[in-house]
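input_35.cif, holding mmCIF, C-alpha atoms:
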data_protein
loop_
_atom_site.label_atom_id
_atom_site.label_comp_id
_atom_site.auth_asym_id
_atom_site.auth_seq_id
_atom_site.Cartn_x
_atom_site.Cartn_y
_atom_site.Cartn_z
CA MET A 56 -31.34 -33.26 46.50
CA ASN A 57 -32.43 -32.11 43.12
CA SER A 58 -30.12 -31.75 40.15
CA SER A 59 -29.27 -28.09 40.68
CA GLN A 60 -28.30 -28.71 44.29
CA TYR A 61 -26.07 -31.55 43.10
CA TYR A 62 -24.56 -29.13 40.69
CA TYR A 63 -23.64 -26.61 43.39
CA VAL A 64 -22.07 -29.30 45.51
CA HIS A 65 -19.96 -30.42 42.58
CA LEU A 66 -19.05 -26.87 41.82
CA LEU A 67 -17.76 -26.36 45.34
CA ILE A 68 -15.76 -29.58 45.32
CA ILE A 69 -14.29 -28.98 41.88
CA GLY A 70 -13.35 -25.44 42.76
CA LEU A 71 -11.64 -26.53 45.96
CA ILE A 72 -9.74 -29.32 44.24
CA GLN A 73 -8.60 -27.00 41.50
CA ILE A 74 -7.56 -24.04 43.61
CA VAL A 75 -6.30 -25.74 46.73
CA ILE A 76 -4.66 -28.81 45.25
CA LEU A 77 -4.13 -28.79 41.48
CA ASN A 78 -2.99 -25.17 41.21
CA ASN A 79 -0.18 -26.03 43.58
CA VAL A 80 0.92 -29.12 41.71
CA HIS A 81 3.80 -28.32 39.38
CA LEU A 82 4.79 -30.96 36.89
CA GLY A 83 7.16 -28.79 34.88
CA SER A 84 6.02 -26.24 32.37
CA TYR A 85 4.55 -28.79 29.98
CA PHE A 86 1.73 -29.96 32.22
CA TYR A 87 -1.15 -27.77 33.29
CA ILE A 88 -3.79 -29.64 35.22
CA ASN A 89 -7.16 -28.00 34.88
CA ILE A 90 -10.39 -29.70 35.83
CA TYR A 91 -12.55 -26.71 36.66
CA MET A 92 -14.03 -26.86 33.18
CA LEU A 93 -16.02 -29.71 34.66
CA ALA A 94 -18.24 -26.98 36.07
CA LEU A 95 -19.25 -26.29 32.48
CA TYR A 96 -19.30 -29.91 31.35
CA ILE A 97 -21.82 -30.93 33.98
CA LEU A 98 -24.04 -27.88 33.64
CA PRO A 99 -27.74 -28.76 33.46
CA HIS A 100 -28.73 -29.15 29.87
CA LYS A 101 -31.31 -26.41 30.06
CA VAL A 102 -28.66 -23.73 30.60
CA LYS A 103 -27.90 -22.29 27.18
CA GLY A 104 -27.50 -19.09 25.27
CA ILE A 105 -26.06 -15.99 26.85
CA PRO A 106 -26.31 -17.26 30.46
CA LEU A 107 -24.14 -20.20 29.42
CA LEU A 108 -21.53 -17.85 27.99
CA LEU A 109 -21.63 -15.70 31.11
CA ILE A 110 -21.12 -18.73 33.33
CA GLY A 111 -18.16 -19.77 31.19
CA PHE A 112 -16.71 -16.29 31.31
CA GLY A 113 -17.32 -15.93 35.06
CA THR A 114 -15.71 -19.29 35.81
CA GLY A 115 -12.65 -18.27 33.85
CA ILE A 116 -12.43 -14.89 35.53
CA LEU A 117 -12.57 -16.58 38.95
CA MET A 118 -9.73 -18.86 37.93
CA ASP A 119 -7.79 -15.90 36.61
CA MET A 120 -8.17 -14.21 39.96
CA ALA A 121 -6.94 -17.33 41.73
CA SER A 122 -3.91 -17.71 39.48
CA HIS A 123 -3.16 -14.04 38.64
CA THR A 124 -3.55 -14.44 34.90
CA ALA A 125 -6.11 -11.82 33.95
CA GLY A 126 -8.11 -12.94 30.93
CA ILE A 127 -6.25 -16.05 29.89
CA HIS A 128 -8.44 -18.60 31.65
CA ALA A 129 -11.53 -16.53 30.84
CA ALA A 130 -10.79 -16.64 27.13
CA ALA A 131 -10.35 -20.40 27.21
CA SER A 132 -13.39 -21.22 29.31
CA THR A 133 -15.61 -18.85 27.33
CA LEU A 134 -14.68 -20.87 24.28
CA VAL A 135 -15.61 -24.06 26.08
CA ALA A 136 -19.00 -22.57 26.94
CA TYR A 137 -19.50 -21.38 23.39
CA THR A 138 -18.76 -24.75 21.81
CA ARG A 139 -20.85 -26.70 24.33
CA PRO A 140 -24.22 -26.52 22.53
CA TYR A 141 -22.62 -27.52 19.24
CA PHE A 142 -20.85 -30.50 20.82
CA LEU A 143 -23.98 -31.58 22.63
CA ARG A 144 -25.87 -31.51 19.37
CA GLY A 145 -23.10 -32.93 17.19
CA ILE A 146 -21.17 -35.55 19.11
CA THR A 147 -24.02 -37.09 21.05
CA GLU A 148 -26.27 -38.47 18.40
CA GLY A 149 -29.79 -38.86 19.68
CA ALA A 150 -29.12 -36.75 22.72
CA GLU A 151 -32.81 -36.00 23.06
CA GLU A 152 -33.63 -39.50 24.18
CA TYR A 153 -31.78 -38.81 27.40
CA GLY A 154 -34.32 -36.14 28.19
CA GLN A 155 -33.90 -32.80 29.86
CA ASP A 156 -32.20 -34.14 32.94
CA GLY A 157 -28.57 -33.19 32.56
CA HIS A 158 -27.26 -35.88 34.89
CA ARG A 159 -28.66 -38.70 32.92
CA MET A 160 -26.51 -37.52 30.03
CA LEU A 161 -23.36 -38.40 31.91
CA GLU A 162 -22.94 -41.66 30.11
CA ALA A 163 -19.24 -42.56 30.07
CA GLY A 164 -18.68 -42.89 26.31
CA TRP A 165 -19.98 -39.58 25.11
CA PHE A 166 -18.87 -37.74 28.22
CA PHE A 167 -15.33 -38.82 27.41
CA ARG A 168 -15.59 -37.66 23.83
CA TYR A 169 -17.20 -34.37 24.74
CA SER A 170 -14.82 -33.60 27.61
CA LEU A 171 -11.74 -34.58 25.60
CA LEU A 172 -12.63 -32.24 22.74
CA SER A 173 -13.51 -29.41 25.09
CA THR A 174 -10.42 -29.91 27.18
CA PHE A 175 -8.29 -29.86 24.07
CA LEU A 176 -9.86 -26.61 22.87
CA PHE A 177 -9.50 -25.18 26.34
CA HIS A 178 -5.78 -25.86 26.48
CA LEU A 179 -5.31 -24.79 22.89
CA VAL A 180 -6.53 -21.30 23.78
CA LEU A 181 -4.89 -21.30 27.20
CA VAL A 182 -1.42 -22.20 25.98
CA LEU A 183 -1.52 -20.00 22.91
CA MET A 184 -2.78 -17.04 24.90
CA GLU A 185 0.01 -17.58 27.36
CA ALA A 186 2.69 -17.94 24.68
CA PHE A 187 1.03 -15.12 22.74
CA SER A 188 3.00 -15.85 19.60
CA PHE A 189 3.42 -18.62 17.05
CA ARG A 190 7.18 -18.45 17.23
CA ASP A 191 7.74 -21.62 19.23
CA ILE A 192 4.69 -23.39 17.90
CA GLY A 193 6.24 -26.81 18.40
CA ILE A 194 6.72 -26.29 22.11
CA SER A 195 3.25 -24.79 22.38
CA LEU A 196 1.70 -27.81 20.65
CA LEU A 197 3.55 -30.15 22.97
CA ARG A 198 2.24 -28.25 25.97
CA ILE A 199 -1.28 -28.33 24.57
CA VAL A 200 -1.21 -32.08 24.01
CA SER A 201 0.41 -32.96 27.32
CA SER A 202 -1.84 -30.62 29.30
CA THR A 203 -4.92 -31.96 27.55
CA PHE A 204 -3.83 -35.50 28.34
CA ILE A 205 -3.12 -34.98 32.05
CA SER A 206 -6.20 -32.81 32.57
CA GLU A 207 -8.43 -35.30 30.81
CA VAL A 208 -7.10 -38.03 33.07
CA PHE A 209 -8.13 -36.01 36.10
CA VAL A 210 -11.47 -35.08 34.55
CA MET A 211 -12.32 -38.73 33.95
CA LEU A 212 -11.03 -39.60 37.38
CA TYR A 213 -13.43 -37.13 38.90
CA TYR A 214 -16.13 -38.42 36.60
CA PHE A 215 -15.76 -41.98 37.81
CA ILE A 216 -15.23 -41.15 41.47
CA GLY A 217 -17.63 -38.25 41.89
CA LEU A 218 -20.25 -38.00 39.21
CA LYS A 219 -20.90 -41.59 38.23
CA ARG A 220 -21.38 -42.79 41.75
CA LEU A 221 -23.47 -39.85 42.89
CA THR A 222 -25.85 -40.02 39.99
CA LYS A 223 -26.49 -43.70 40.29
CA MET B 1267 -32.81 -1.44 10.66
CA LYS B 1268 -35.29 -4.11 11.58
CA ASP B 1269 -33.26 -6.63 9.63
CA ILE B 1270 -30.10 -5.64 11.45
CA ILE B 1271 -31.77 -6.13 14.81
CA ARG B 1272 -33.16 -9.47 13.68
CA LEU B 1273 -29.69 -10.49 12.56
CA ILE B 1274 -28.20 -9.51 15.89
CA VAL B 1275 -30.87 -11.42 17.78
CA LYS B 1276 -30.35 -14.44 15.57
CA TYR B 1277 -26.61 -14.54 16.13
CA GLN B 1278 -26.61 -13.14 19.66
CA PHE B 1279 -24.94 -16.25 21.01
CA THR B 1280 -21.97 -15.97 18.67
CA LEU B 1281 -21.81 -12.19 18.87
CA PHE B 1282 -21.84 -12.29 22.64
CA PHE B 1283 -19.13 -14.93 22.55
CA ILE B 1284 -16.98 -12.72 20.35
CA LEU B 1285 -17.60 -9.78 22.68
CA LEU B 1286 -16.52 -11.82 25.70
CA GLU B 1287 -13.41 -13.02 23.90
CA ILE B 1288 -12.51 -9.45 23.00
CA ILE B 1289 -12.91 -8.52 26.65
CA CYS B 1290 -10.64 -11.43 27.60
CA PHE B 1291 -8.10 -10.40 25.04
CA SER B 1292 -8.01 -6.82 26.24
CA LEU B 1293 -7.74 -8.06 29.83
CA VAL B 1294 -4.80 -10.23 28.87
CA VAL B 1295 -3.04 -7.48 26.98
CA ARG B 1296 -3.68 -4.86 29.61
CA ASN B 1297 -2.81 -6.86 32.70
CA ASN B 1298 0.01 -9.17 31.70
CA ASP B 1299 3.36 -7.58 31.07
CA TYR B 1300 4.67 -10.26 28.75
CA GLN B 1301 1.63 -10.28 26.50
CA ARG B 1302 1.43 -6.49 26.55
CA ALA B 1303 5.03 -6.25 25.40
CA ILE B 1304 4.45 -8.64 22.51
CA PHE B 1305 1.16 -6.98 21.61
CA SER B 1306 2.57 -3.46 21.52
CA GLN B 1307 5.57 -4.71 19.55
CA GLN B 1308 3.40 -6.47 16.97
CA SER B 1309 0.89 -3.65 16.75
CA SER B 1310 3.61 -1.08 16.20
CA VAL B 1311 5.04 -3.23 13.43
CA PHE B 1312 1.55 -3.52 11.95
CA ALA B 1313 0.88 0.19 12.30
CA GLY B 1314 4.23 0.91 10.70
CA GLU B 1315 3.44 -1.33 7.74
CA VAL B 1316 0.04 0.29 7.31
CA ALA B 1317 1.56 3.77 7.48
CA LYS B 1318 4.17 2.78 4.92
CA ALA B 1319 1.59 1.39 2.53
CA THR B 1320 -0.73 4.38 2.81
CA SER B 1321 2.10 6.84 2.36
CA GLU B 1322 3.17 4.95 -0.76
CA VAL B 1323 -0.33 5.23 -2.16
CA ARG B 1324 -0.56 8.87 -1.17
CA ASN B 1325 2.82 9.59 -2.74
CA TYR B 1326 1.59 8.13 -5.99
CA PHE B 1327 -1.29 10.57 -6.09
CA ARG B 1328 1.02 13.39 -5.17
CA LEU B 1329 3.40 12.65 -8.04
CA ARG B 1330 1.68 15.13 -10.29
CA SER B 1331 1.96 18.03 -7.90
CA ILE B 1332 5.54 16.98 -7.15
CA ASN B 1333 6.31 17.02 -10.87
CA GLU B 1334 4.76 20.43 -11.23
CA GLY B 1335 6.78 21.69 -8.32
CA LEU B 1336 9.98 20.31 -9.80
CA ALA B 1337 9.21 21.79 -13.21
CA ARG B 1338 8.59 25.16 -11.56
CA GLU B 1339 11.81 24.93 -9.66
CA ASN B 1340 13.69 23.96 -12.82
CA THR B 1341 12.27 26.97 -14.61
CA ALA B 1342 13.42 29.24 -11.84
CA LEU B 1343 16.86 27.64 -11.88
CA LYS B 1344 17.18 27.95 -15.64
CA ASN B 1345 16.26 31.62 -15.41
CA ARG B 1346 18.87 32.20 -12.75
CA LEU B 1347 21.43 30.31 -14.79
CA GLU B 1348 20.60 32.50 -17.77
CA ALA B 1349 21.05 35.64 -15.71
CA TYR B 1350 24.35 34.29 -14.48
CA ALA B 1351 25.51 33.32 -17.96
CA SER B 1352 24.79 36.79 -19.33
CA ARG B 1353 26.73 38.32 -16.48
CA THR B 1354 29.80 36.30 -17.38
CA ASP B 1355 29.53 37.33 -21.03
CA THR B 1356 32.02 40.17 -20.84
CA LEU B 1357 31.58 41.13 -24.49
CA VAL B 1358 28.11 42.52 -23.74
CA ALA B 1359 28.06 45.64 -21.64
CA ASP B 1360 24.43 45.49 -20.65
CA SER B 1361 24.11 42.20 -18.86
CA ALA B 1362 20.39 41.48 -18.93
CA ALA B 1363 19.38 37.85 -19.33
CA THR B 1364 18.88 36.98 -22.98
CA TYR B 1365 16.43 34.18 -22.42
CA THR B 1366 13.53 33.79 -20.02
CA TYR B 1367 12.07 30.36 -19.25
CA TYR B 1368 8.43 29.60 -18.60
CA GLN B 1369 7.20 26.27 -17.41
CA ALA B 1370 4.16 24.67 -19.06
CA ARG B 1371 2.35 21.39 -19.34
CA VAL B 1372 1.23 19.68 -22.56
CA ILE B 1373 -2.49 19.15 -22.25
CA ASN B 1374 -3.21 17.90 -25.75
CA ALA B 1375 -1.03 16.44 -28.47
CA THR B 1376 -1.14 14.58 -31.73
CA TYR B 1377 1.69 12.52 -33.16
CA ASN B 1378 0.23 10.46 -35.98
CA ARG B 1379 -0.62 13.13 -38.54
CA THR B 1380 1.59 15.06 -40.91
CA LYS B 1381 0.59 18.34 -39.27
CA ASN B 1382 0.86 17.63 -35.59
CA TYR B 1383 0.20 20.18 -32.87
CA LEU B 1384 0.62 20.45 -29.13
CA THR B 1385 -1.55 22.45 -26.77
CA LEU B 1386 -0.01 23.98 -23.64
CA ASN B 1387 -1.79 25.07 -20.50
CA ARG B 1388 -0.12 28.50 -20.56
CA GLY B 1389 -1.15 31.49 -22.64
CA GLU B 1390 -0.77 35.19 -23.14
CA ARG B 1391 -1.47 36.07 -19.55
CA ASP B 1392 1.41 33.84 -18.45
CA GLY B 1393 3.78 35.77 -20.70
CA LEU B 1394 3.76 33.50 -23.74
CA ARG B 1395 3.91 35.01 -27.21
CA LYS B 1396 4.10 33.74 -30.77
CA GLU B 1397 7.37 32.30 -32.01
CA MET B 1398 8.79 31.34 -28.68
CA ALA B 1399 10.86 28.18 -28.46
CA VAL B 1400 9.43 25.14 -26.70
CA CYS B 1401 11.75 22.60 -25.10
CA ALA B 1402 11.29 19.40 -23.19
CA PRO B 1403 13.88 18.37 -20.60
CA GLU B 1404 15.39 16.06 -23.26
CA GLY B 1405 15.66 18.68 -26.00
CA VAL B 1406 13.86 20.85 -28.53
CA ALA B 1407 10.14 20.23 -28.89
CA GLY B 1408 8.84 22.97 -31.17
CA LEU B 1409 7.73 26.51 -31.66
CA VAL B 1410 4.75 28.47 -30.33
CA GLN B 1411 2.46 29.16 -33.25
CA ASP B 1412 -0.42 30.91 -31.60
CA VAL B 1413 -1.52 31.96 -28.13
CA SER B 1414 -4.86 32.63 -26.56
CA GLU B 1415 -5.55 34.06 -23.14
CA ARG B 1416 -4.82 30.81 -21.33
CA PHE B 1417 -3.53 28.35 -23.93
CA ALA B 1418 -0.83 28.10 -26.53
CA ILE B 1419 -0.58 26.06 -29.72
CA VAL B 1420 2.81 24.64 -30.54
CA ILE B 1421 4.14 23.35 -33.86
CA PRO B 1422 6.33 20.47 -32.77
CA LEU B 1423 9.31 19.19 -34.72
CA ILE B 1424 7.04 16.46 -36.01
CA ASN B 1425 5.02 18.80 -38.20
CA THR B 1426 5.92 18.95 -41.87
CA SER B 1427 5.70 22.76 -41.85
CA SER B 1428 8.19 23.05 -39.01
CA ILE B 1429 11.63 23.96 -40.21
CA ILE B 1430 14.31 24.91 -37.74
CA SER B 1431 17.95 25.62 -38.14
CA ALA B 1432 20.15 22.84 -36.78
CA LYS B 1433 23.81 22.04 -36.82
CA ILE B 1434 26.11 19.12 -36.30
CA LYS B 1435 27.69 19.79 -32.94
CA GLN B 1436 31.02 18.25 -33.90
CA ASN B 1437 31.84 20.48 -36.89
CA ASP B 1438 29.23 23.29 -36.84
CA TYR B 1439 27.85 22.64 -40.34
CA TYR B 1440 24.26 23.72 -40.27
CA GLY B 1441 21.11 23.14 -42.26
CA PRO B 1442 17.33 23.04 -41.98
CA LEU B 1443 15.74 20.27 -39.97
CA GLN B 1444 12.47 19.12 -41.47
CA TRP B 1445 10.15 16.25 -40.76
CA ASP B 1446 8.99 13.98 -43.56
CA GLY B 1447 5.64 13.19 -41.98
CA ASP B 1448 6.33 9.51 -41.44
CA ASP B 1449 7.76 8.33 -38.12
CA TYR B 1450 7.43 10.57 -35.08
CA ARG B 1451 10.79 9.39 -33.82
CA TYR B 1452 12.86 10.57 -36.75
CA SER B 1453 13.40 13.84 -38.60
CA TYR B 1454 15.79 14.87 -41.39
CA LEU B 1455 18.62 17.35 -41.52
CA ASN B 1456 19.13 18.58 -45.10
CA ASP B 1457 21.52 20.75 -47.06
CA ILE B 1458 24.68 19.50 -45.42
CA PRO B 1459 27.39 19.55 -48.10
CA TYR B 1460 28.44 16.25 -49.58
CA HIS B 1461 32.01 16.40 -48.32
CA VAL B 1462 31.16 16.75 -44.66
CA GLN B 1463 32.09 13.75 -42.59
CA VAL B 1464 29.01 12.68 -40.58
CA ASN B 1465 28.80 9.53 -38.54
CA ALA B 1466 25.90 7.77 -36.95
CA GLY B 1467 25.65 8.85 -33.33
CA ASP B 1468 26.78 12.45 -33.93
CA THR B 1469 24.85 14.99 -31.92
CA ILE B 1470 22.54 17.47 -33.62
CA VAL B 1471 21.83 20.71 -31.78
CA THR B 1472 20.18 24.05 -32.53
CA SER B 1473 22.38 26.39 -34.52
CA ASN B 1474 23.47 29.87 -33.59
CA TYR B 1475 21.65 31.27 -36.62
CA SER B 1476 18.27 30.65 -35.14
CA SER B 1477 17.02 33.78 -33.46
CA ILE B 1478 14.40 31.84 -31.56
CA PHE B 1479 16.24 28.91 -30.02
CA PRO B 1480 19.21 29.32 -27.73
CA GLU B 1481 22.28 27.87 -29.35
CA GLY B 1482 23.29 24.33 -28.62
CA LEU B 1483 19.98 22.87 -27.47
CA MET B 1484 19.78 19.14 -27.98
CA ILE B 1485 17.72 18.00 -30.98
CA GLY B 1486 18.79 14.42 -31.48
CA VAL B 1487 21.50 12.10 -32.76
CA VAL B 1488 22.35 10.98 -36.26
CA GLU B 1489 20.70 7.69 -37.08
CA SER B 1490 21.92 7.22 -40.67
CA VAL B 1491 23.37 9.26 -43.52
CA ASP B 1492 21.97 9.13 -47.02
CA LYS B 1493 24.25 10.16 -49.88
CA LYS B 1494 21.82 9.69 -52.75
CA ASP B 1495 21.63 13.37 -53.66
CA ALA B 1496 24.53 14.70 -55.73
CA ASN B 1497 25.43 17.73 -53.69
CA PHE B 1498 23.88 17.40 -50.29
CA LEU B 1499 23.53 14.81 -47.58
CA ARG B 1500 20.21 13.75 -46.16
CA ILE B 1501 20.78 12.94 -42.52
CA LYS B 1502 18.22 10.93 -40.61
CA VAL B 1503 18.06 12.21 -37.02
CA ARG B 1504 16.67 10.30 -34.09
CA LEU B 1505 14.85 12.97 -32.09
CA ALA B 1506 15.76 13.35 -28.44
CA VAL B 1507 12.20 14.12 -27.43
CA ASP B 1508 9.66 11.34 -27.36
CA PHE B 1509 6.55 13.10 -28.56
CA ARG B 1510 4.27 10.38 -27.31
CA ARG B 1511 5.34 10.94 -23.75
CA LEU B 1512 5.71 14.70 -23.69
CA THR B 1513 4.32 16.21 -20.48
CA TYR B 1514 6.33 19.08 -19.04
CA VAL B 1515 7.98 21.62 -21.31
CA TYR B 1516 9.76 24.94 -21.05
CA VAL B 1517 8.82 27.87 -23.19
CA ILE B 1518 11.85 30.01 -23.91
CA ASP B 1519 11.52 33.71 -24.59
CA ASN B 1520 14.36 35.45 -26.39
CA ASN B 1521 14.32 38.91 -24.86
CA THR B 1522 16.43 40.40 -27.62
CA LEU B 1523 14.51 38.85 -30.48
CA GLU B 1524 12.41 41.92 -31.25
CA GLU B 1525 15.37 44.23 -31.34
CA GLN B 1526 17.31 41.86 -33.57
CA GLN B 1527 14.44 41.42 -36.01
CA GLN B 1528 13.81 45.15 -36.10
CA LEU B 1529 17.38 45.88 -36.99
CA GLU B 1530 17.49 43.16 -39.62
CA GLU B 1531 14.24 44.43 -41.12
CA GLN B 1532 15.47 48.04 -41.36
CA ASN B 1533 18.64 47.09 -43.11
CA ARG B 1534 16.90 44.89 -45.58
CA HIS B 1535 14.80 47.84 -46.82
CA GLU B 1536 17.71 50.06 -47.44
#

Now that the file is in, can you turn its structure into structure tokens?
Amino acid sequence: MNSSQYYYVHLLIIGLIQIVILNNVHLGSYFYINIYMLALYILPHKVKGIPLLLIGFGTGILMDMASHTAGIHAAASTLVAYTRPYFLRGITEGAEEYGQDGHRMLEAGWFFRYSLLSTFLFHLVLVLMEAFSFRDIGISLLRIVSSTFISEVFVMLYYFIGLKRLTK
Amino acid sequence: MKDIIRLIVKYQFTLFFILLEIICFSLVVRNNDYQRAIFSQQSSVFAGEVAKATSEVRNYFRLRSINEGLARENTALKNRLEAYASRTDTLVADSAATYTYYQARVINATYNRTKNYLTLNRGERDGLRKEMAVCAPEGVAGLVQDVSERFAIVIPLINTSSIISAKIKQNDYYGPLQWDGDDYRYSYLNDIPYHVQVNAGDTIVTSNYSSIFPEGLMIGVVESVDKKDANFLRIKVRLAVDFRRLTYVYVIDNNTLEEQQQLEEQNRHE
């Protein structure tokens, strides 16, 4: 299997996990578990520009359809797609030496940093869009932090179980 | 144009991102009841604030026309009051209004010379004639000296050649009011006999011996009394009208002036 076929397999698995399992897990209103952003995190490196944004937007819209929240997930995941090129350039110093193959860039250290930042931004937008006001900003911040934490745990879990092993 | 396109191409990534986020936002607002409620609430507050601010600005620019409207209305009211007053004067059989008011605006004025003049935006075609009285809302302003088709020149109280008959409201002693050419805020009432008791703060009004001014129009208040002269007092009067801020004035026409002067003239010859 080449890298794009790997990608589609992951996409399918991630989507199933998210929609079938995680969307039905309720840990109170402070914890949202979202790992479908992984679909964006593990995109082949060559996907950039407007297609990247469209993929981000489309992923979010699909999630919105699954969870009946028109636009909220789309707004958050579009932001994740938008910030991706900047993070790839900024956080991963010397990213070029990993070459064009996206999967070889899945080195644990920088993947953690990149995914943590993106996950945080994702939940920042998600929670604020859902609250839609700055009135209870304290509660919103708490939800952002706790959701980022729990989601990042699951993201890294998937990283170690699924991605790391498959790419080796 | 080419530059604009180049700019759009250069920032297409960011622009497209913003476009997508706007789409998301509109989706959220349109499809989620909670967010729609908050959005419409906030936007109506915002729209209300904007409307308030713009109406405040617009009101400011409308002040002038509002002032003109009010001055016009005041003129009409004064005229009606005059008609009413003459009707209640049972000593006069023919009850036509003695005075007619015209509204005018000061379009040019001097205040720092000894011979100051005002220019009004009303003239002969508006019914103004020579020797009509000119009043501000606060009190007497001056006398029409000359009129052209559309403008009128007024000798204000602060002109050394302006002399009008004034009296102390309290005890009806009267004398000529003349400006000394110094401070535009003060004028002097002369020829009041030495024995008359005058206090600072007493009101000075137009006398009933002036055929031009209606009786009892406000001129000013006594500032100080000078008893230097042997026989007469020199009373310093703080003028009611601020000539540096004069804008809207009334021109007062004495309808019976001509008849009165004619009669006086005839009898003087005999």

Interface rows for chain B against chain A: nearest pair, Å to one decimal, 12 Å, all atoms listed in the file, as a tab-separated table:
residue	atom	partner	partner_atom	distance
B:Val1275	CA	A:Gly104	CA	11.2
B:Lys1276	CA	A:Gly104	CA	11.1
B:Tyr1277	CA	A:Gly104	CA	10.2
B:Gln1278	CA	A:Ile105	CA	7.8
B:Phe1279	CA	A:Gly104	CA	5.7
B:Thr1280	CA	A:Tyr137	CA	7.6
B:Leu1281	CA	A:Ile105	CA	9.8
B:Phe1282	CA	A:Ile105	CA	7.0
B:Phe1283	CA	A:Tyr137	CA	6.5
B:Ile1284	CA	A:Leu134	CA	9.3
B:Leu1285	CA	A:Thr133	CA	10.4
B:Leu1286	CA	A:Phe112	CA	7.2
B:Glu1287	CA	A:Ala130	CA	5.5
B:Ile1288	CA	A:Ala130	CA	8.5
B:Ile1289	CA	A:Gly126	CA	7.8
B:Cys1290	CA	A:Gly126	CA	4.4
B:Phe1291	CA	A:Gly126	CA	6.4
B:Ser1292	CA	A:Gly126	CA	7.7
B:Leu1293	CA	A:Gly126	CA	5.0
B:Val1294	CA	A:Gly126	CA	4.7
B:Val1295	CA	A:Gly126	CA	8.4
B:Arg1296	CA	A:Ala125	CA	8.6
B:Asn1297	CA	A:Ala125	CA	6.1
B:Asn1298	CA	A:Ala125	CA	7.0
B:Asp1299	CA	A:Thr124	CA	10.5
B:Tyr1300	CA	A:Phe187	CA	8.5
B:Gln1301	CA	A:Phe187	CA	6.2
B:Arg1302	CA	A:Phe187	CA	9.4
B:Ala1303	CA	A:Phe187	CA	10.1
B:Ile1304	CA	A:Phe187	CA	7.3
B:Phe1305	CA	A:Phe187	CA	8.2
B:Ser1306	CA	A:Phe187	CA	11.8
B:Gln1307	CA	A:Ser188	CA	11.4
B:Gln1308	CA	A:Ser188	CA	9.7

Residue IDs satisfying the PyMOL selection byres ((chain A and resi 210-213) around 12), as JSON, numbers by chain
{"A": [65, 68, 69, 72, 73, 77, 88, 89, 90, 91, 92, 93, 94, 95, 96, 97, 161, 162, 163, 164, 165, 166, 167, 168, 169, 170, 171, 173, 174, 202, 203, 204, 205, 206, 207, 208, 209, 214, 215, 216, 217, 218, 219, 220, 221]}

Take CA of Pro1422 in chain B and CA of Thr1522 in chain B and report the distance between them in Å, one decimal.
22.9 Å

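In terms of minimum interatomic distance to Phe177 in chain A, A:Tyr87 ranks closest within A:Leu143, A:Lys101, A:Tyr87, A:Gly193, counting all atoms listed in the file.
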
From (-1.0, 33.8, -21.4), in the file's coordinates, out to 12 Å: which residues are reached, counting only C-alpha atoms? Answer as a list in words.
Tyr1368, Gln1369, Ala1370, Leu1386, Asn1387, Arg1388, Gly1389, Glu1390, Arg1391, Asp1392, Gly1393, Leu1394, Arg1395, Lys1396, Val1410, Asp1412, Val1413, Ser1414, Glu1415, Arg1416, Phe1417, Ala1418, Ile1419 and Val1517 of chain B

When you draw a straight line from CA of Asn1382 in chain B to CA of Ala1399 in chain B, how long is it in Å?
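CA of Ala1399 in chain B lies 16.2 Å from CA of Asn1382 in chain B.
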
Please provide as a short mmCIF file (atom, residue, chain, number, x, y, z; two decimals) with C-alpha atoms, in the frame of the given file all residues within 9 Å of Ser1427 in chain B, with the sequence filter that same-chain residues fewer than 4 positions apart are discarded (counting only C-alpha atoms).
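As written to disk, selection-v4.cif reads:
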data_model
loop_
_atom_site.label_atom_id
_atom_site.label_comp_id
_atom_site.auth_asym_id
_atom_site.auth_seq_id
_atom_site.Cartn_x
_atom_site.Cartn_y
_atom_site.Cartn_z
CA THR B 1380 1.59 15.06 -40.91
CA LYS B 1381 0.59 18.34 -39.27
CA ILE B 1421 4.14 23.35 -33.86
CA LEU B 1423 9.31 19.19 -34.72
CA GLN B 1444 12.47 19.12 -41.47
CA TRP B 1445 10.15 16.25 -40.76
#

For CA of Val1400 in chain B and CA of Ile1518 in chain B, the interatomic separation in Å (one decimal)
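The value is 6.1 Å.
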
Find the residues near Arg1511 in chain B: any atom within 12 Å, counting only C-alpha atoms, skip ones fewer than 3 places away on the same chain, and give them as a PyMOL selection string.
chain B and resi 1371-1377+1384+1402-1404+1407+1450-1451+1506-1508+1514-1515

Considering all atoms listed in the file, state which residue in the set A:Arg198, A:Arg144, A:His178, A:Arg139 is at the smallest distance from Leu98 in chain A.
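Among the listed residues, the smallest separation from Leu98 in chain A belongs to A:Arg139.
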
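Counting all atoms listed in the file, Glu1481 in chain B has the following residues at most 7 Å away, ignoring those fewer than 3 positions along the same chain: Thr1472, Ser1473 and Asn1474 of chain B.
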